[in-house]
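One file, protein07.txt, carrying compact mmCIF, C-alpha atoms:
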```txt
# COMPACT_ATOMS: atom_id res chain seq x y z
CA MET A 4 62.52 5.58 -23.52
CA ASN A 5 66.00 4.82 -24.82
CA ASP A 6 65.64 7.60 -27.39
CA LEU A 7 64.65 10.03 -24.63
CA LYS A 8 67.59 8.93 -22.49
CA ASN A 9 70.02 9.36 -25.41
CA SER A 10 68.60 12.80 -26.25
CA VAL A 11 69.02 13.98 -22.67
CA ALA A 12 72.59 12.63 -22.58
CA PHE A 13 73.51 14.36 -25.85
CA LEU A 14 72.08 17.69 -24.70
CA PHE A 15 73.79 17.45 -21.32
CA LEU A 16 77.12 16.64 -22.98
CA PHE A 17 76.70 19.48 -25.47
CA VAL A 18 75.98 22.03 -22.73
CA LEU A 19 79.05 20.82 -20.80
CA ILE A 20 81.17 21.26 -23.94
CA ILE A 21 79.89 24.81 -24.43
CA PHE A 22 80.71 25.85 -20.88
CA GLY A 23 84.00 23.96 -21.08
CA ILE A 24 85.08 25.82 -24.22
CA ALA A 25 84.28 29.13 -22.54
CA GLN A 26 86.70 28.29 -19.71
CA ILE A 27 89.67 27.20 -21.85
CA ASP A 28 92.52 29.73 -21.67
CA TYR A 29 94.90 30.37 -24.53
CA VAL A 30 97.80 32.73 -23.78
CA GLU A 31 96.03 34.28 -20.77
CA GLU A 32 92.80 34.81 -22.71
CA ASN A 33 89.83 32.61 -23.36
CA LEU A 34 90.14 30.51 -26.48
CA ILE A 35 86.72 31.71 -27.62
CA ASN A 36 85.31 34.88 -26.04
CA LEU A 37 81.64 33.95 -25.94
CA SER A 38 79.33 36.82 -25.00
CA PRO A 39 77.42 36.69 -21.68
CA ALA A 40 74.21 37.25 -23.63
CA PHE A 41 74.98 34.07 -25.57
CA PHE A 42 74.68 31.92 -22.43
CA ILE A 43 71.29 33.50 -21.68
CA LEU A 44 70.11 32.67 -25.20
CA VAL A 45 71.36 29.07 -24.92
CA THR A 46 69.50 28.62 -21.64
CA LEU A 47 66.28 30.02 -23.09
CA ALA A 48 66.65 27.86 -26.21
CA VAL A 49 67.07 24.70 -24.12
CA VAL A 50 64.14 25.48 -21.79
CA SER A 51 61.77 26.48 -24.59
CA GLY A 52 62.77 23.46 -26.68
CA ILE A 53 61.91 21.06 -23.86
CA LEU A 54 58.61 22.77 -23.00
CA VAL A 55 57.30 23.31 -26.53
CA ARG A 56 54.66 20.92 -27.91
CA PRO A 57 55.65 19.69 -31.39
CA SER A 58 52.88 19.42 -33.96
CA VAL A 59 52.35 19.11 -37.67
CA ARG A 60 52.26 22.88 -38.04
CA PHE A 61 55.12 23.52 -35.64
CA SER A 62 58.11 21.38 -36.51
CA ILE A 63 61.77 21.51 -35.54
CA TYR A 64 62.51 23.58 -38.64
CA ALA A 65 60.07 26.28 -37.56
CA PHE A 66 61.60 26.23 -34.08
CA LEU A 67 65.13 26.66 -35.49
CA VAL A 68 63.95 29.53 -37.70
CA ILE A 69 62.41 31.23 -34.65
CA TRP A 70 65.72 31.02 -32.79
CA ALA A 71 67.60 32.29 -35.83
CA VAL A 72 65.30 35.32 -35.82
CA ILE A 73 65.79 35.77 -32.05
CA TYR A 74 69.56 35.71 -32.50
CA GLY A 75 69.30 38.26 -35.31
CA LEU A 76 67.16 40.56 -33.18
CA THR A 77 69.61 40.24 -30.28
CA TRP A 78 72.44 41.18 -32.60
CA VAL A 79 70.56 44.26 -33.85
CA VAL A 80 69.34 45.42 -30.43
CA TYR A 81 72.28 44.45 -28.17
CA TRP A 82 75.54 43.45 -29.83
CA ARG A 83 75.43 46.00 -32.64
CA THR A 84 74.84 48.96 -30.31
CA SER A 85 76.45 48.15 -26.95
CA THR A 86 79.37 45.79 -27.48
CA TYR A 87 81.60 44.59 -30.30
CA VAL A 88 81.72 40.88 -31.08
CA PRO A 89 83.81 39.61 -34.05
CA LEU A 90 81.89 38.15 -36.95
CA GLN A 91 83.45 34.69 -36.56
CA ILE A 92 82.33 34.61 -32.91
CA HIS A 93 78.81 35.43 -34.04
CA GLY A 94 78.94 32.50 -36.44
CA ILE A 95 80.08 30.11 -33.69
CA GLN A 96 77.48 31.40 -31.23
CA PHE A 97 74.71 31.12 -33.82
CA LEU A 98 75.60 27.50 -34.64
CA LEU A 99 75.83 26.54 -30.97
CA ILE A 100 72.42 28.05 -30.19
CA GLU A 101 70.82 26.31 -33.17
CA ILE A 102 72.31 22.96 -32.14
CA ALA A 103 71.19 23.43 -28.52
CA ALA A 104 67.68 24.38 -29.66
CA GLY A 105 67.49 21.34 -31.94
CA LEU A 106 68.65 18.92 -29.23
CA ALA A 107 66.21 20.40 -26.69
CA PHE A 108 63.36 20.24 -29.19
CA ASP A 109 64.13 16.56 -29.73
CA ILE A 110 63.85 15.96 -25.97
CA GLY A 111 60.50 17.78 -25.92
CA ARG A 112 59.31 15.61 -28.81
CA HIS A 113 60.21 12.41 -26.95
CA ILE A 114 58.56 13.68 -23.75
CA ASN A 115 55.35 14.38 -25.66
CA GLN A 116 55.47 10.88 -27.15
CA VAL A 117 55.65 9.42 -23.64
CA ILE A 118 52.72 11.63 -22.54
CA HIS A 119 50.60 10.53 -25.51
CA LEU A 120 51.50 6.90 -24.75
CA LEU A 121 50.35 7.29 -21.15
CA GLU A 122 47.13 9.01 -22.24
CA GLY A 123 46.39 6.20 -24.69
CA LEU A 124 47.16 3.56 -22.06
CA THR A 125 44.90 5.16 -19.44
CA ALA A 126 42.12 5.66 -21.99
CA ASN A 127 42.24 1.97 -22.96
CA THR A 128 42.38 0.82 -19.34
CA TYR A 129 39.45 3.00 -18.20
CA PRO A 130 37.46 3.92 -21.33
CA ASN A 131 35.18 6.91 -20.91
CA ARG A 132 33.57 9.63 -22.99
CA THR A 133 35.43 12.57 -21.49
CA LEU A 134 36.33 15.27 -24.02
CA ASP A 135 39.10 17.82 -24.01
CA PHE A 136 37.86 21.37 -23.46
CA HIS A 137 39.07 22.64 -26.85
CA THR A 138 37.53 19.64 -28.63
CA ALA A 139 34.16 20.23 -26.98
CA GLU A 140 33.92 24.00 -27.54
CA HIS A 141 31.53 23.76 -30.50
CA ARG A 142 29.27 21.30 -28.63
CA ILE A 143 29.18 23.60 -25.59
CA SER A 144 28.18 26.50 -27.82
CA ALA A 145 25.49 24.38 -29.50
CA GLU A 146 23.95 23.29 -26.19
CA LEU A 147 23.85 26.86 -24.85
CA THR A 148 22.33 28.14 -28.10
CA ARG A 149 19.65 25.43 -27.99
CA SER A 150 18.84 26.20 -24.34
CA ARG A 151 18.47 29.91 -25.11
CA ARG A 152 16.34 29.31 -28.19
CA TYR A 153 13.89 26.91 -26.56
CA HIS A 154 14.11 28.42 -23.04
CA HIS A 155 15.31 25.16 -21.52
CA SER A 156 17.24 24.92 -18.29
CA LEU A 157 20.84 23.73 -18.31
CA ALA A 158 23.19 22.88 -15.45
CA VAL A 159 26.96 22.78 -15.12
CA LEU A 160 28.42 20.38 -12.57
CA LEU A 161 32.08 20.74 -11.60
CA VAL A 162 33.90 17.67 -10.22
CA HIS A 163 37.43 17.73 -8.85
CA LEU A 164 39.25 14.62 -7.64
CA ALA A 165 40.74 16.01 -4.44
CA ASP A 166 42.74 12.99 -3.32
CA PHE A 167 42.84 9.23 -3.55
CA GLU A 168 44.43 6.53 -1.41
CA ARG A 169 47.74 5.22 -2.66
CA GLU A 170 50.17 3.92 -0.06
CA GLN A 171 53.14 4.02 -2.39
CA SER A 172 52.63 7.63 -3.49
CA LYS A 173 54.60 9.13 -0.59
CA ASP A 174 57.80 7.37 -1.57
CA ALA A 175 57.14 7.18 -5.32
CA MET A 176 59.18 9.04 -7.86
CA ILE A 177 57.66 12.02 -9.69
CA LEU A 178 57.04 9.96 -12.85
CA GLU A 179 55.30 7.24 -10.84
CA ARG A 180 53.05 9.82 -9.18
CA ASP A 181 52.17 11.28 -12.56
CA ILE A 182 51.27 7.83 -13.92
CA LEU A 183 49.16 7.05 -10.84
CA SER A 184 47.42 10.41 -11.11
CA ARG A 185 46.62 9.84 -14.79
CA PHE A 186 45.16 6.40 -14.10
CA ALA A 187 43.13 7.75 -11.17
CA THR A 188 41.76 10.58 -13.32
CA ALA A 189 40.88 8.14 -16.11
CA LYS A 190 39.09 5.87 -13.65
CA ALA A 191 37.18 8.82 -12.23
CA GLY A 192 36.21 9.76 -15.79
CA GLN A 193 34.90 6.24 -16.34
CA ILE A 194 32.82 6.39 -13.15
CA ILE A 195 31.40 9.80 -14.09
CA SER A 196 30.57 8.52 -17.59
CA GLU A 197 28.61 5.65 -16.05
CA CYS A 198 26.70 7.94 -13.70
CA ALA A 199 25.88 10.63 -16.27
CA ARG A 200 23.19 10.42 -18.91
CA GLU A 201 23.97 9.88 -22.59
CA THR A 202 22.93 13.45 -23.32
CA ASP A 203 25.30 14.91 -20.71
CA LEU A 204 28.57 16.33 -22.00
CA ILE A 205 31.65 15.45 -19.92
CA ILE A 206 34.68 17.72 -20.36
CA ARG A 207 38.15 18.03 -18.85
CA ASP A 208 39.27 21.63 -18.43
CA GLU A 209 42.78 23.07 -18.25
CA LYS A 210 42.89 22.64 -14.45
CA GLY A 211 42.21 18.90 -14.68
CA ARG A 212 38.64 19.20 -13.39
CA PHE A 213 35.61 17.45 -14.88
CA VAL A 214 32.95 19.81 -16.19
CA ILE A 215 29.59 18.10 -16.83
CA LEU A 216 27.14 19.97 -19.03
CA CYS A 217 23.61 18.71 -18.31
CA PRO A 218 20.97 19.84 -20.83
CA GLU A 219 17.39 20.32 -19.61
CA THR A 220 18.52 19.98 -15.99
CA ASN A 221 17.89 22.44 -13.18
CA PHE A 222 20.03 23.03 -10.10
CA GLN A 223 18.17 20.55 -7.88
CA ASN A 224 18.44 17.71 -10.40
CA SER A 225 22.15 18.42 -10.93
CA MET A 226 22.72 17.88 -7.21
CA ILE A 227 21.14 14.42 -7.52
CA LEU A 228 23.75 13.59 -10.15
CA ALA A 229 26.44 15.10 -7.91
CA ASP A 230 25.43 12.84 -5.00
CA ARG A 231 25.46 9.79 -7.27
CA ILE A 232 28.95 10.63 -8.55
CA GLU A 233 30.28 11.30 -5.06
CA LYS A 234 28.99 7.98 -3.72
CA SER A 235 30.35 6.01 -6.69
CA VAL A 236 33.81 7.58 -6.54
CA THR A 237 33.99 7.10 -2.77
CA GLU A 238 32.97 3.44 -2.96
CA ARG A 239 35.07 2.42 -5.96
CA MET A 240 38.17 4.59 -5.50
CA LYS A 241 38.17 5.43 -1.79
CA ALA A 242 38.65 9.00 -2.92
CA ARG A 243 37.23 12.38 -1.98
CA VAL A 244 35.71 14.65 -4.62
CA LEU A 245 34.82 18.32 -4.50
CA LEU A 246 31.62 19.33 -6.24
CA GLY A 247 30.07 22.58 -7.41
CA SER A 248 27.02 23.30 -9.53
CA SER A 249 25.31 26.20 -11.28
CA SER A 250 22.31 26.55 -13.57
CA PHE A 251 21.29 28.43 -16.71
CA PRO A 252 19.54 30.87 -16.95
CA ASP A 253 18.82 31.40 -13.25
CA GLU A 254 22.42 32.02 -12.13
CA ALA A 255 24.44 32.74 -15.27
CA LEU A 256 24.00 33.19 -19.01
CA THR A 257 27.36 32.10 -20.43
CA PHE A 258 29.41 28.94 -20.04
CA ASP A 259 32.35 30.79 -18.44
CA GLU A 260 30.02 32.38 -15.88
CA LEU A 261 28.42 29.02 -15.13
CA VAL A 262 31.85 27.42 -14.53
CA ARG A 263 32.91 30.39 -12.38
CA LYS A 264 29.78 30.12 -10.26
CA ALA A 265 30.22 26.36 -9.84
CA SER A 266 33.90 26.82 -9.02
CA GLY A 267 33.03 29.33 -6.30
CA ARG A 268 30.64 26.87 -4.69
CA MET A 269 33.23 24.10 -4.93
CA GLN A 270 35.83 26.29 -3.20
CA THR A 271 33.34 27.13 -0.45
CA THR A 272 32.70 23.42 0.07
CA ALA A 273 36.45 22.74 0.23
CA ALA A 274 36.92 25.50 2.81
CA ASP A 275 34.09 24.10 4.94
CA LEU A 276 35.60 20.60 4.82
CA GLU A 277 38.99 21.96 5.88
CA LYS A 278 37.40 23.77 8.82
CA GLN A 279 35.59 20.62 9.89
CA ALA A 280 38.81 18.60 9.64
CA ALA A 281 40.66 21.19 11.73
CA ILE A 282 37.94 21.14 14.39
CA SER A 283 38.01 17.33 14.47
CA GLN A 284 41.78 17.32 14.95
CA ARG A 285 41.58 19.79 17.80
CA SER A 286 38.83 17.84 19.58
CA ALA A 287 40.61 14.50 19.11
CA PRO A 288 42.38 13.24 22.31
```

Render the structure in this file as structure tokens.
Amino acid sequence: MNDLKNSVAFLFLFVLIIFGIAQIDYVEENLINLSPAFFILVTLAVVSGILVRPSVRFSIYAFLVIWAVIYGLTWVVYWRTSTYVPLQIHGIQFLLIEIAAGLAFDIGRHINQVIHLLEGLTANTYPNRTLDFHTAEHRISAELTRSRRYHHSLAVLLVHLADFEREQSKDAMILERDILSRFATAKAGQIISECARETDLIIRDEKGRFVILCPETNFQNSMILADRIEKSVTERMKARVLLGSSSFPDEALTFDELVRKASGRMQTTAADLEKQAAISQRSAP
């Protein structure tokens, strides 16, 4: 955390220095006439550096090369044709953008380290067998292929943790809410893992929902699992879950279509619950 704090401080100070230099007057002219396009590039470099996910294949060196190429393209497309900027100014602008990109990338790296730390902590606190969507792609394909080959039924159950009781969440900081949400999701994953069979595949999709792939299960049997999950989550977490289910091959033939069908049913259920809540509020004295 200290490294993250220092990285943010260095970047903030560097940006202040850049804008400060641009405002310094020397004999009624700016000391360094930085181009307006330069400030746009610096902003984009900082934002992209913080948001990017560092990996073995994508390091800080690759990121700096990308921004060197972007600066070169900007020079060819904009500065070379529309406005004249001295060569020494180009050199200064290029160095400043590279430094800003490097500092922002370092912040993004520290942020990702904190995220991985939280994910590891939640996984150890509430161990479960939930898989990331990209990790489970080959297993999803294998289950669908097997179901098609042997003409077996297969169900997809969608589970979304709608809300959970936490008194302190209203006044908590954003980071605290994120930590609480991660722990709640991990606990829900543990409960779902306990309710599901060993052969069921539990996946987290990009929207944070649980997608349960149930081989040799029809729609009616998937709803039995849905009821069991809903009761367990309600009892152990005091939370409300939204559920949706679909079956292969009766309703859809591909995994995406199955998820879309289940998502539609889940949204219909959510709309019905909202209507019921609105009616209850109106009838309340």

Open item on the list: Rounded to one decimal, what separation in Å do you get between CA of Glu238 (chain A) and CA of Phe222 (chain A)?
Closed with: 24.5 Å

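Going from CA of Leu147 (chain A) to CA of Phe258 (chain A) covers 7.6 Å.
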
Task: A:Asn127, A:Ser10, A:Ser144, A:Ser225 ranked by distance to Gly105 (chain A), top pick (using only C-alpha atoms) - done: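 The shortest atom-to-atom distance to Gly105 (chain A) comes from A:Ser10.
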
Open item on the list: So that I can check the surroundings of region 156-162 of chain A, please list as a ChimeraX atom specification every protein, DNA and RNA residue that reaches within 6 Å of it, counting all atoms listed in the file and ignoring chain neighbours fewer than 3 positions away.
Closed with: /A:212-221,245-251

TODO: Name all residues at most 12 Å from Ile53 (chain A) (count all atoms listed in the file; drop same-chain ones fewer than 4 positions away) and give them as a list of chain:residue names.
DONE: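 These residues fall inside the cut-off: A:Leu7, A:Ser10, A:Val11, A:Leu14, A:Thr46, A:Leu47, A:Ala48, A:Val49, A:Pro57, A:Ile63, A:Phe66, A:Ala103, A:Ala104, A:Gly105, A:Leu106, A:Ala107, A:Phe108, A:Asp109, A:Ile110, A:Gly111, A:Arg112, A:His113, A:Ile114, A:Asn115.
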
TODO: Give the answer as one residue: which of A:Leu261, A:Glu254, A:Leu76, A:Arg132 has the shortest atom-to-atom distance to Arg200 (chain A), using only C-alpha atoms?
DONE: A:Arg132

Open item on the list: Between A:Leu37, A:Thr148, A:Arg231, A:Phe186, which residue has the minimum interatomic distance to Pro89 (chain A), considering all atoms listed in the file?
Closed with: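 Comparing A:Leu37, A:Thr148, A:Arg231, A:Phe186 against Pro89 (chain A), the winner is A:Leu37.
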
- [ ] Go through A:Val18, A:Glu101, A:Gln116, A:Glu122 and flag the residue nearest Asp6 (chain A), using all atoms listed in the file for the distances.
- [x]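 For Asp6 (chain A), the nearest of the candidates is A:Gln116.
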
TODO: Figure out the distance between CA of Gln193 (chain A) and CA of Pro130 (chain A), please, to one decimal in Å.
DONE: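 CA of Pro130 (chain A) sits 6.1 Å away from CA of Gln193 (chain A).
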
Task: Thr133 (chain A) environment, 12 Å, only C-alpha atoms, sequence neighbours closer than 6 positions dropped, as a PyMOL selection string - done: chain A and resi 126+139+188-197+199+201+203-208+211-216

What are the centre and edge lengths in Å, to one decimal, of the axis-aligned box around all listed atoms of region 238-256 of chain A with 5 Å added on each side, as lines of an AutoDock Vina configuration file?
```
center_x = 28.7
center_y = 17.8
center_z = -10.4
size_x = 29.8
size_y = 40.8
size_z = 27.2
```

Task: Residue nearest Gly52 (chain A) - candidates A:Thr125, A:Thr84, A:Ile102, A:Cys198, atoms counted: all atoms listed in the file - done: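 Of A:Thr125, A:Thr84, A:Ile102, A:Cys198, the one nearest Gly52 (chain A), counting all atoms listed in the file, is A:Ile102.
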